[in-house]
$ cat target.txt   # compact mmCIF, C-alpha atoms
# COMPACT_ATOMS: atom_id res chain seq x y z
CA MET A 651 -48.15 8.43 -96.60
CA VAL A 652 -44.93 10.11 -95.63
CA LEU A 653 -44.93 12.03 -92.39
CA ARG A 654 -42.40 14.81 -92.03
CA PHE A 655 -40.86 15.63 -88.70
CA GLN A 656 -41.48 19.20 -87.64
CA ALA A 657 -39.39 20.30 -84.71
CA SER A 658 -41.30 22.48 -82.29
CA ARG A 659 -38.76 23.60 -79.73
CA ALA A 660 -36.83 26.82 -79.90
CA LEU A 661 -33.47 26.54 -81.59
CA LEU A 662 -30.61 25.59 -79.32
CA PRO A 663 -27.33 26.08 -81.16
CA LEU A 664 -24.89 23.29 -80.40
CA THR A 665 -21.41 24.48 -79.54
CA PRO A 666 -18.30 22.33 -79.87
CA SER A 667 -18.03 22.22 -76.07
CA SER A 668 -21.59 20.96 -75.62
CA PHE A 669 -20.99 18.39 -78.34
CA LEU A 670 -17.88 17.17 -76.56
CA LYS A 671 -19.98 16.62 -73.47
CA PHE A 672 -22.04 14.05 -75.36
CA CYS A 673 -19.49 12.63 -77.74
CA PRO A 674 -16.19 12.58 -75.89
CA SER A 675 -14.69 9.61 -77.68
CA SER A 676 -12.45 10.00 -80.67
CA ILE A 677 -13.84 9.50 -84.14
CA GLN A 678 -12.05 8.27 -87.20
CA LEU A 679 -11.57 11.68 -88.69
CA GLY A 680 -11.97 15.15 -87.42
CA PHE A 681 -10.58 14.90 -83.91
CA THR A 682 -7.13 15.61 -82.59
CA SER A 683 -6.10 13.11 -79.98
CA ILE A 684 -3.93 14.35 -77.13
CA SER A 685 -3.03 10.88 -75.91
CA SER A 686 -1.47 8.24 -78.12
CA SER A 687 -3.81 5.64 -76.65
CA PRO A 688 -7.13 5.52 -78.53
CA THR A 689 -8.94 4.13 -75.51
CA LYS A 690 -7.72 6.80 -73.13
CA SER A 691 -7.41 9.73 -75.45
CA PHE A 692 -9.00 13.06 -74.77
CA THR A 693 -10.16 14.69 -77.94
CA ILE A 694 -10.58 18.21 -79.18
CA MET A 695 -13.06 19.00 -81.90
CA ALA A 696 -12.34 21.96 -84.12
CA ALA A 697 -15.02 23.81 -86.09
CA SER A 698 -14.15 21.97 -89.29
CA ASP A 699 -14.39 18.50 -87.81
CA HIS A 700 -16.92 16.04 -89.07
CA TYR A 701 -18.02 12.44 -89.22
CA THR A 702 -17.69 10.51 -92.42
CA PHE A 703 -20.57 8.73 -94.12
CA GLY A 704 -19.22 7.16 -97.26
CA ARG A 705 -17.61 10.01 -99.17
CA TYR A 706 -19.76 12.59 -97.42
CA LYS A 707 -18.97 14.77 -94.44
CA ILE A 708 -21.55 14.79 -91.66
CA ASP A 709 -21.67 17.84 -89.45
CA PRO A 710 -21.43 16.88 -85.76
CA LYS A 711 -24.57 18.97 -85.20
CA GLU A 712 -26.51 16.21 -86.97
CA VAL A 713 -25.02 13.55 -84.69
CA PHE A 714 -26.90 12.99 -81.44
CA TYR A 715 -25.25 9.88 -80.04
CA CYS A 716 -21.87 8.30 -80.31
CA THR A 717 -20.05 5.44 -78.73
CA THR A 718 -16.47 4.29 -79.09
CA LEU A 719 -17.07 2.87 -82.54
CA SER A 720 -20.48 4.09 -83.74
CA TYR A 721 -22.58 7.21 -84.14
CA ALA A 722 -26.25 8.03 -84.72
CA MET A 723 -27.48 10.92 -86.84
CA VAL A 724 -30.78 12.52 -87.69
CA ASN A 725 -32.10 12.26 -91.22
CA LEU A 726 -32.30 15.05 -93.74
CA ARG A 727 -35.80 13.95 -94.63
CA PRO A 728 -37.07 11.45 -92.06
CA LEU A 729 -39.71 9.03 -93.22
CA LEU A 730 -41.39 9.09 -89.82
CA PRO A 731 -40.71 11.04 -86.63
CA GLY A 732 -37.56 9.58 -85.12
CA HIS A 733 -36.30 7.91 -88.32
CA VAL A 734 -32.54 8.00 -87.79
CA LEU A 735 -29.41 6.24 -89.03
CA VAL A 736 -26.83 4.43 -86.89
CA CYS A 737 -23.41 3.92 -88.50
CA PRO A 738 -19.98 2.59 -87.64
CA LYS A 739 -17.40 5.38 -87.42
CA ARG A 740 -15.08 3.40 -89.66
CA GLU A 741 -16.15 3.52 -93.28
CA VAL A 742 -16.87 0.03 -94.54
CA GLN A 743 -19.41 -0.93 -97.16
CA ARG A 744 -20.56 -4.31 -96.00
CA PHE A 745 -21.86 -5.49 -92.65
CA ALA A 746 -19.43 -8.43 -92.71
CA ASP A 747 -16.53 -5.98 -93.04
CA LEU A 748 -17.08 -4.88 -89.45
CA THR A 749 -15.02 -6.39 -86.66
CA ALA A 750 -16.84 -8.21 -83.86
CA ASP A 751 -16.30 -5.20 -81.59
CA GLU A 752 -17.73 -2.84 -84.19
CA THR A 753 -20.71 -5.12 -84.84
CA CYS A 754 -21.58 -5.34 -81.15
CA ASP A 755 -21.04 -1.65 -80.57
CA LEU A 756 -23.18 -0.73 -83.59
CA TRP A 757 -26.15 -2.87 -82.57
CA LEU A 758 -26.01 -1.93 -78.91
CA ALA A 759 -26.07 1.69 -80.06
CA ALA A 760 -29.04 1.03 -82.38
CA GLN A 761 -30.85 -0.84 -79.61
CA ARG A 762 -30.41 2.02 -77.16
CA VAL A 763 -31.31 4.68 -79.72
CA GLY A 764 -34.42 2.76 -80.80
CA GLN A 765 -35.63 2.25 -77.26
CA LYS A 766 -35.27 5.94 -76.38
CA LEU A 767 -36.81 7.25 -79.60
CA GLU A 768 -39.75 4.85 -79.45
CA LEU A 769 -40.61 6.18 -76.01
CA TYR A 770 -39.97 9.80 -76.97
CA HIS A 771 -42.21 9.60 -80.02
CA LYS A 772 -44.90 7.61 -78.14
CA ALA A 773 -44.50 4.75 -80.59
CA SER A 774 -45.03 1.07 -79.80
CA SER A 775 -42.71 -0.81 -82.18
CA LEU A 776 -39.52 -0.34 -84.17
CA THR A 777 -38.29 -1.26 -87.62
CA PHE A 778 -34.56 -2.00 -87.92
CA ALA A 779 -33.11 -2.60 -91.39
CA ILE A 780 -29.74 -2.81 -93.11
CA GLN A 781 -29.63 -2.69 -96.89
CA ASP A 782 -26.28 -4.41 -97.10
CA GLY A 783 -24.92 -3.94 -100.59
CA PRO A 784 -26.24 -2.39 -103.82
CA GLN A 785 -28.53 -5.30 -104.75
CA ALA A 786 -30.28 -4.81 -101.40
CA GLY A 787 -30.90 -1.12 -102.15
CA GLN A 788 -27.86 0.42 -100.46
CA THR A 789 -26.94 3.72 -102.09
CA VAL A 790 -24.20 5.07 -99.81
CA PRO A 791 -21.48 2.42 -99.43
CA HIS A 792 -21.08 2.84 -95.68
CA VAL A 793 -22.94 0.43 -93.37
CA HIS A 794 -25.99 2.10 -91.81
CA ILE A 795 -28.93 0.84 -89.81
CA HIS A 796 -32.29 2.49 -90.42
CA VAL A 797 -34.15 2.81 -87.10
CA LEU A 798 -37.81 3.82 -87.32
CA PRO A 799 -40.22 4.18 -84.39
CA ARG A 800 -43.56 2.71 -85.45
CA LYS A 801 -47.08 3.19 -84.23
CA GLY A 802 -50.48 1.93 -85.25
CA GLY A 803 -51.73 3.64 -88.39
CA ASP A 804 -48.45 5.35 -89.29
CA PHE A 805 -48.74 3.66 -92.64
CA GLU A 806 -52.02 2.34 -94.00
CA LYS A 807 -50.33 -0.95 -94.79
CA ASN A 808 -47.28 -1.91 -92.77
CA ASP A 809 -45.32 -2.91 -95.84
CA GLU A 810 -45.60 0.62 -97.22
CA ILE A 811 -42.88 1.58 -94.76
CA TYR A 812 -40.45 -0.50 -96.78
CA ASP A 813 -41.40 1.04 -100.11
CA ALA A 814 -40.94 4.43 -98.54
CA LEU A 815 -37.68 3.35 -96.88
CA ASP A 816 -36.34 2.32 -100.21
CA GLU A 817 -37.24 5.67 -101.71
CA LYS A 818 -35.57 7.37 -98.74
CA GLU A 819 -32.39 5.41 -99.36
CA LYS A 820 -32.31 6.76 -102.92
CA GLU A 821 -33.09 10.28 -101.74
CA LEU A 822 -30.38 10.04 -99.10
CA LYS A 823 -27.68 9.84 -101.72
CA GLN A 824 -29.33 12.35 -104.03
CA HIS A 825 -29.54 14.89 -101.26
CA LEU A 826 -26.04 14.28 -100.05
CA ASP A 827 -24.87 14.65 -103.63
CA LEU A 828 -26.85 17.83 -104.11
CA ASP A 829 -26.02 19.91 -101.12
CA LYS A 830 -28.23 22.72 -102.39
CA GLU A 831 -31.20 20.49 -101.67
CA ARG A 832 -30.45 20.94 -98.01
CA LYS A 833 -32.87 23.83 -98.08
CA ASP A 834 -35.52 21.11 -97.68
CA ARG A 835 -34.58 20.89 -94.05
CA ASN A 836 -32.04 23.31 -92.74
CA MET A 837 -29.18 22.62 -90.40
CA GLU A 838 -30.80 24.52 -87.54
CA GLU A 839 -33.84 22.28 -87.62
CA MET A 840 -31.72 19.15 -87.80
CA ALA A 841 -29.41 20.39 -85.04
CA GLU A 842 -32.44 21.04 -82.86
CA GLU A 843 -33.77 17.53 -83.39
CA ALA A 844 -30.31 16.08 -82.71
CA ASP A 845 -30.12 18.15 -79.54
CA GLN A 846 -33.45 16.77 -78.31
CA TYR A 847 -32.32 13.21 -78.94
CA ARG A 848 -28.93 13.83 -77.39
CA LYS A 849 -30.63 14.66 -74.10
CA LEU A 850 -32.59 11.40 -74.22
CA LEU A 851 -29.41 9.43 -74.50
CA LEU A 852 -27.43 11.00 -71.70
CA MET B 1148 -41.99 -12.40 -107.94
CA VAL B 1149 -41.47 -14.97 -105.24
CA LEU B 1150 -38.78 -17.54 -105.82
CA ARG B 1151 -39.10 -20.84 -104.02
CA PHE B 1152 -36.08 -22.74 -102.87
CA GLN B 1153 -35.88 -26.21 -104.33
CA ALA B 1154 -33.30 -28.42 -102.71
CA SER B 1155 -31.44 -30.58 -105.19
CA ARG B 1156 -29.21 -32.80 -103.10
CA ALA B 1157 -30.12 -36.28 -101.95
CA LEU B 1158 -31.72 -36.41 -98.53
CA LEU B 1159 -29.32 -36.69 -95.63
CA PRO B 1160 -31.24 -37.52 -92.48
CA LEU B 1161 -29.86 -35.67 -89.48
CA THR B 1162 -29.33 -37.82 -86.43
CA PRO B 1163 -29.20 -36.45 -82.88
CA SER B 1164 -25.49 -37.27 -82.75
CA SER B 1165 -24.71 -35.34 -85.94
CA PHE B 1166 -26.77 -32.44 -84.65
CA LEU B 1167 -24.80 -32.43 -81.41
CA LYS B 1168 -21.64 -32.12 -83.44
CA PHE B 1169 -22.85 -28.79 -84.78
CA CYS B 1170 -24.87 -27.49 -81.89
CA PRO B 1171 -23.12 -28.67 -78.74
CA SER B 1172 -24.18 -25.81 -76.53
CA SER B 1173 -27.21 -26.04 -74.31
CA ILE B 1174 -30.44 -24.41 -75.38
CA GLN B 1175 -33.13 -22.94 -73.22
CA LEU B 1176 -35.41 -25.92 -73.47
CA GLY B 1177 -35.05 -29.40 -74.73
CA PHE B 1178 -31.63 -30.38 -73.45
CA THR B 1179 -30.62 -32.24 -70.33
CA SER B 1180 -27.53 -30.79 -68.79
CA ILE B 1181 -25.13 -33.18 -67.10
CA SER B 1182 -23.12 -30.46 -65.39
CA SER B 1183 -24.67 -27.87 -63.11
CA SER B 1184 -22.59 -25.17 -64.79
CA PRO B 1185 -24.34 -23.78 -67.89
CA THR B 1186 -21.06 -22.69 -69.43
CA LYS B 1187 -19.37 -26.04 -69.02
CA SER B 1188 -22.32 -28.36 -69.35
CA PHE B 1189 -22.37 -31.25 -71.74
CA THR B 1190 -25.78 -31.71 -73.22
CA ILE B 1191 -27.79 -34.63 -74.45
CA MET B 1192 -30.56 -34.12 -76.96
CA ALA B 1193 -33.42 -36.55 -76.89
CA ALA B 1194 -35.74 -37.17 -79.84
CA SER B 1195 -38.41 -34.89 -78.40
CA ASP B 1196 -36.12 -31.92 -77.87
CA HIS B 1197 -36.73 -28.68 -79.66
CA TYR B 1198 -36.00 -25.00 -79.88
CA THR B 1199 -38.66 -22.51 -78.96
CA PHE B 1200 -39.88 -19.77 -81.27
CA GLY B 1201 -42.57 -17.87 -79.45
CA ARG B 1202 -45.10 -20.49 -78.44
CA TYR B 1203 -44.00 -22.83 -81.21
CA LYS B 1204 -41.62 -25.77 -81.09
CA ILE B 1205 -38.91 -25.81 -83.74
CA ASP B 1206 -37.47 -29.18 -84.65
CA PRO B 1207 -33.65 -29.17 -84.39
CA LYS B 1208 -33.58 -30.54 -87.94
CA GLU B 1209 -34.64 -27.08 -89.12
CA VAL B 1210 -31.81 -25.44 -87.17
CA PHE B 1211 -28.50 -25.21 -89.01
CA TYR B 1212 -26.42 -22.98 -86.77
CA CYS B 1213 -26.34 -22.24 -83.11
CA THR B 1214 -24.15 -20.31 -80.75
CA THR B 1215 -24.27 -19.99 -76.99
CA LEU B 1216 -27.27 -17.70 -77.08
CA SER B 1217 -28.69 -17.78 -80.62
CA TYR B 1218 -29.81 -20.15 -83.36
CA ALA B 1219 -30.53 -19.93 -87.08
CA MET B 1220 -33.26 -21.89 -88.84
CA VAL B 1221 -34.45 -22.43 -92.38
CA ASN B 1222 -37.80 -21.07 -93.42
CA LEU B 1223 -40.90 -23.08 -94.14
CA ARG B 1224 -41.48 -21.02 -97.25
CA PRO B 1225 -38.40 -18.94 -98.03
CA LEU B 1226 -38.94 -15.77 -99.99
CA LEU B 1227 -35.63 -16.21 -101.80
CA PRO B 1228 -32.98 -18.94 -101.74
CA GLY B 1229 -31.20 -18.65 -98.41
CA HIS B 1230 -33.92 -16.63 -96.66
CA VAL B 1231 -33.47 -17.72 -93.04
CA LEU B 1232 -34.27 -16.51 -89.54
CA VAL B 1233 -31.79 -15.89 -86.72
CA CYS B 1234 -33.27 -15.85 -83.20
CA PRO B 1235 -32.15 -15.59 -79.60
CA LYS B 1236 -32.60 -18.87 -77.75
CA ARG B 1237 -34.33 -17.05 -74.93
CA GLU B 1238 -37.87 -16.07 -75.82
CA VAL B 1239 -38.27 -12.31 -75.66
CA GLN B 1240 -40.58 -10.21 -77.78
CA ARG B 1241 -38.64 -7.00 -78.17
CA PHE B 1242 -35.10 -6.36 -79.33
CA ALA B 1243 -34.48 -4.13 -76.30
CA ASP B 1244 -35.40 -7.05 -74.02
CA LEU B 1245 -32.17 -8.79 -74.98
CA THR B 1246 -29.12 -8.49 -72.76
CA ALA B 1247 -25.96 -7.00 -74.25
CA ASP B 1248 -24.46 -10.48 -74.53
CA GLU B 1249 -27.54 -11.78 -76.34
CA THR B 1250 -27.60 -8.77 -78.67
CA CYS B 1251 -23.96 -9.22 -79.65
CA ASP B 1252 -24.27 -12.96 -80.01
CA LEU B 1253 -27.40 -12.63 -82.16
CA TRP B 1254 -25.89 -10.15 -84.59
CA LEU B 1255 -22.56 -11.90 -84.84
CA ALA B 1256 -24.51 -15.05 -85.68
CA ALA B 1257 -26.60 -13.20 -88.30
CA GLN B 1258 -23.46 -11.64 -89.78
CA ARG B 1259 -21.76 -15.01 -90.12
CA VAL B 1260 -24.86 -16.73 -91.48
CA GLY B 1261 -25.44 -13.93 -94.01
CA GLN B 1262 -21.87 -13.98 -95.24
CA LYS B 1263 -21.88 -17.74 -95.78
CA LEU B 1264 -25.31 -17.89 -97.42
CA GLU B 1265 -24.57 -14.96 -99.73
CA LEU B 1266 -21.53 -16.81 -101.04
CA TYR B 1267 -23.31 -20.16 -101.20
CA HIS B 1268 -26.22 -18.74 -103.19
CA LYS B 1269 -23.91 -16.67 -105.43
CA ALA B 1270 -25.62 -13.49 -104.27
CA SER B 1271 -23.98 -10.07 -103.97
CA SER B 1272 -25.88 -8.30 -101.19
CA LEU B 1273 -27.94 -9.03 -98.09
CA THR B 1274 -31.09 -7.66 -96.52
CA PHE B 1275 -31.23 -7.77 -92.71
CA ALA B 1276 -34.48 -6.74 -91.00
CA ILE B 1277 -36.13 -6.94 -87.59
CA GLN B 1278 -39.82 -6.20 -87.33
CA ASP B 1279 -39.65 -5.33 -83.67
CA GLY B 1280 -43.17 -5.28 -82.28
CA PRO B 1281 -46.66 -5.69 -83.76
CA GLN B 1282 -46.86 -2.21 -85.27
CA ALA B 1283 -43.71 -3.02 -87.25
CA GLY B 1284 -45.30 -6.18 -88.67
CA GLN B 1285 -44.04 -8.75 -86.14
CA THR B 1286 -46.41 -11.71 -85.93
CA VAL B 1287 -44.52 -14.15 -83.69
CA PRO B 1288 -43.55 -12.36 -80.45
CA HIS B 1289 -40.01 -13.72 -80.33
CA VAL B 1290 -37.18 -11.54 -81.70
CA HIS B 1291 -36.04 -12.76 -85.13
CA ILE B 1292 -33.77 -11.34 -87.80
CA HIS B 1293 -34.73 -11.96 -91.41
CA VAL B 1294 -31.57 -12.59 -93.45
CA LEU B 1295 -32.00 -12.63 -97.24
CA PRO B 1296 -29.21 -13.09 -99.80
CA ARG B 1297 -29.88 -10.67 -102.65
CA LYS B 1298 -28.78 -10.58 -106.25
CA GLY B 1299 -29.45 -8.36 -109.22
CA GLY B 1300 -32.89 -8.97 -110.67
CA ASP B 1301 -34.19 -11.15 -107.83
CA PHE B 1302 -37.06 -8.71 -107.56
CA GLU B 1303 -38.05 -6.40 -110.38
CA LYS B 1304 -38.06 -3.51 -107.97
CA ASN B 1305 -35.89 -3.77 -104.88
CA ASP B 1306 -38.64 -2.58 -102.59
CA GLU B 1307 -40.81 -5.53 -103.60
CA ILE B 1308 -38.67 -7.63 -101.29
CA TYR B 1309 -40.15 -5.77 -98.36
CA ASP B 1310 -43.74 -6.23 -99.47
CA ALA B 1311 -43.02 -9.91 -99.86
CA LEU B 1312 -41.18 -10.04 -96.54
CA ASP B 1313 -44.19 -8.61 -94.84
CA GLU B 1314 -46.42 -11.23 -96.41
CA LYS B 1315 -43.94 -13.91 -95.32
CA GLU B 1316 -44.11 -12.66 -91.75
CA LYS B 1317 -47.88 -13.14 -91.80
CA GLU B 1318 -47.56 -16.55 -93.44
CA LEU B 1319 -44.96 -17.57 -90.87
CA LYS B 1320 -47.48 -17.41 -88.07
CA GLN B 1321 -50.30 -18.85 -90.14
CA HIS B 1322 -48.20 -21.84 -91.05
CA LEU B 1323 -46.92 -22.37 -87.56
CA ASP B 1324 -50.50 -22.16 -86.34
CA LEU B 1325 -51.71 -24.60 -88.97
CA ASP B 1326 -49.30 -27.44 -88.81
CA LYS B 1327 -51.17 -29.29 -91.55
CA GLU B 1328 -49.91 -26.64 -93.95
CA ARG B 1329 -46.47 -28.10 -93.49
CA LYS B 1330 -47.20 -30.23 -96.50
CA ASP B 1331 -46.13 -27.15 -98.48
CA ARG B 1332 -42.56 -28.01 -97.68
CA ASN B 1333 -41.87 -31.18 -95.83
CA MET B 1334 -39.44 -31.73 -93.00
CA GLU B 1335 -37.09 -33.80 -95.15
CA GLU B 1336 -36.63 -30.95 -97.59
CA MET B 1337 -36.09 -28.46 -94.80
CA ALA B 1338 -33.71 -30.80 -92.98
CA GLU B 1339 -31.72 -31.19 -96.18
CA GLU B 1340 -31.41 -27.45 -96.64
CA ALA B 1341 -30.44 -27.05 -92.98
CA ASP B 1342 -27.84 -29.77 -93.42
CA GLN B 1343 -26.30 -27.96 -96.40
CA TYR B 1344 -26.08 -24.71 -94.45
CA ARG B 1345 -24.74 -26.46 -91.37
CA LYS B 1346 -21.73 -27.60 -93.38
CA LEU B 1347 -21.06 -24.04 -94.53
CA LEU B 1348 -20.90 -22.85 -90.96
CA LEU B 1349 -18.56 -25.45 -89.53

$ encode --input "target.txt" --output "structure tokens"
Amino acid sequence: MVLRFQASRALLPLTPSSFLKFCPSSIQLGFTSISSSPTKSFTIMAASDHYTFGRYKIDPKEVFYCTTLSYAMVNLRPLLPGHVLVCPKREVQRFADLTADETCDLWLAAQRVGQKLELYHKASSLTFAIQDGPQAGQTVPHVHIHVLPRKGGDFEKNDEIYDALDEKEKELKQHLDLDKERKDRNMEEMAEEADQYRKLLL
Amino acid sequence: MVLRFQASRALLPLTPSSFLKFCPSSIQLGFTSISSSPTKSFTIMAASDHYTFGRYKIDPKEVFYCTTLSYAMVNLRPLLPGHVLVCPKREVQRFADLTADETCDLWLAAQRVGQKLELYHKASSLTFAIQDGPQAGQTVPHVHIHVLPRKGGDFEKNDEIYDALDEKEKELKQHLDLDKERKDRNMEEMAEEADQYRKLLL
């Protein structure tokens, strides 16, 4: 059983200035830093800026949370309400490729995102998973944590979530490869969901 | 397909003194601290000392790696060679119950353990998963990361690992509840595996 998230709020277009309010730190690509110090830089995001996810560009409208070294984005086709991905800003394939700072930042981000989304979606548990490398089912070679709010009866058998997660991982790449498939869930809907989550994580 | 780990080396009994060499930091229970400062304490482990995993006692012989705040143990019935659990020393049920220090320590430990065991078992990927709460399949209410070295063909379909992982989670509690079931894999075999891993993580 695959539940599809249906956003119910009116669309709230996200402007670059409102995005900056939530994600003021510099990202690997797509920002122009005014200061030469990465820790103290003030950043300007232009319309063409984006996050990177493997070889794909992620529109900042899909990103609802970011820290110094990590970001969280909504899913094109979430497996359950609140199924999101948390990624390091730096593109590395394997979890062990992350520095200690990146590892801590990534998991503290995932922890915070999970806690907020579990509450928001009235769930009672969370699944966290990294498919770290192709033999573990990774399709996009950029570390990403799947975070899924869980509740009783969301899947008839708990382990079905993993079958479905694996299918989602395959779909993720297919849909990123085939941008035309984005009609499945348009940017406005995803931006709206991201906007809702962004407010939770203020 | 469930592969069972069969240790092949001669048994190497682990003495308290050799354990102290690898795990010198104090744990929540089971150590007597000589100093009043937890960060500078020197600890003595008596024969009855143990780690806690929910309401269960874990023999230090099963523990092959520990840090200030976390420990890693072998599995009673590993799903694949190198399938181990990484836990915070402090007993908390939910991932969000961990402090930032505990969260970082836990994941840095899991990262290091995964990297070493992947190499040791000649694997090429890793699965990391937390079933965080009962609706996510958690059976023992003490945070634990499943770390599984993965290689091509270890499961006919990648997603089978998750079905099997879920079954293992259920078995974990059943076997901890029914200590007599420990005949499935005796302490000597588990201590030997832990000893092998301990050397990797020096």

$ residues_near_point --input "target.txt" --point "(-18.8, -7.3, -96.7)" --cutoff "10 Å" --atoms "all atoms listed in the file" --output "PyMOL selection string"
(chain A and resi 742-748+782-783+793) or (chain B and resi 1258+1261-1262+1271-1273)

$ residues_around --input "target.txt" --residues "Arg740 of chain A" --least-positions-apart "3" --cutoff "10 Å" --atoms "only C-alpha atoms" --output "PyMOL selection string"
chain A and resi 677-679+701-704+719-720+737+743+748+752+792-793

$ interface_residues --input "target.txt" --of "chain B" --to "chain A" --cutoff "8 Å" --atoms "all atoms listed in the file" --output "ChimeraX atom specification"
/B:1242-1243,1247,1250-1251,1254-1255,1258-1259,1262,1271-1284,1297-1299,1305-1307,1309-1310,1313

$ atom_distance --input "target.txt" --atom1 "atom CA of Pro731 of chain A" --atom2 "atom CA of Pro710 of chain A"
20.2 Å

$ atom_distance --input "target.txt" --atom1 "atom CA of Pro738 of chain A" --atom2 "atom CA of Lys818 of chain A"
19.7 Å

$ atom_distance --input "target.txt" --atom1 "atom CA of Glu1339 of chain B" --atom2 "atom CA of Asp1196 of chain B"
18.8 Å

$ residues_near_point --input "target.txt" --point "(-36.8, -26.8, -84.6)" --cutoff "10 Å" --atoms "all atoms listed in the file" --output "PyMOL selection string"
chain B and resi 1196-1200+1203-1211+1218-1221+1338

$ write_last_selection --input "target.txt" --atoms "C-alpha atoms" --output "JSON list (two decimals), in the coordinates of the input"
[["chain", "number", "residue", "atom", "x", "y", "z"],
["B", 1196, "ASP", "CA", -36.12, -31.92, -77.87],
["B", 1197, "HIS", "CA", -36.73, -28.68, -79.66],
["B", 1198, "TYR", "CA", -36.00, -25.00, -79.88],
["B", 1199, "THR", "CA", -38.66, -22.51, -78.96],
["B", 1200, "PHE", "CA", -39.88, -19.77, -81.27],
["B", 1203, "TYR", "CA", -44.00, -22.83, -81.21],
["B", 1204, "LYS", "CA", -41.62, -25.77, -81.09],
["B", 1205, "ILE", "CA", -38.91, -25.81, -83.74],
["B", 1206, "ASP", "CA", -37.47, -29.18, -84.65],
["B", 1207, "PRO", "CA", -33.65, -29.17, -84.39],
["B", 1208, "LYS", "CA", -33.58, -30.54, -87.94],
["B", 1209, "GLU", "CA", -34.64, -27.08, -89.12],
["B", 1210, "VAL", "CA", -31.81, -25.44, -87.17],
["B", 1211, "PHE", "CA", -28.50, -25.21, -89.01],
["B", 1218, "TYR", "CA", -29.81, -20.15, -83.36],
["B", 1219, "ALA", "CA", -30.53, -19.93, -87.08],
["B", 1220, "MET", "CA", -33.26, -21.89, -88.84],
["B", 1221, "VAL", "CA", -34.45, -22.43, -92.38],
["B", 1338, "ALA", "CA", -33.71, -30.80, -92.98]]

$ closest_residue --input "target.txt" --among "A:Leu852, A:Tyr847, A:Glu819, A:Glu838" --to "Pro728 of chain A" --atoms "all atoms listed in the file"
A:Glu819

$ axis_aligned_box --input "target.txt" --around "segment 752-771 of chain A" --padding-each-side "3 Å" --output "JSON"
{"center_x": -30.0, "center_y": 2.2, "center_z": -80.4, "size_x": 30.5, "size_y": 21.1, "size_z": 14.8}
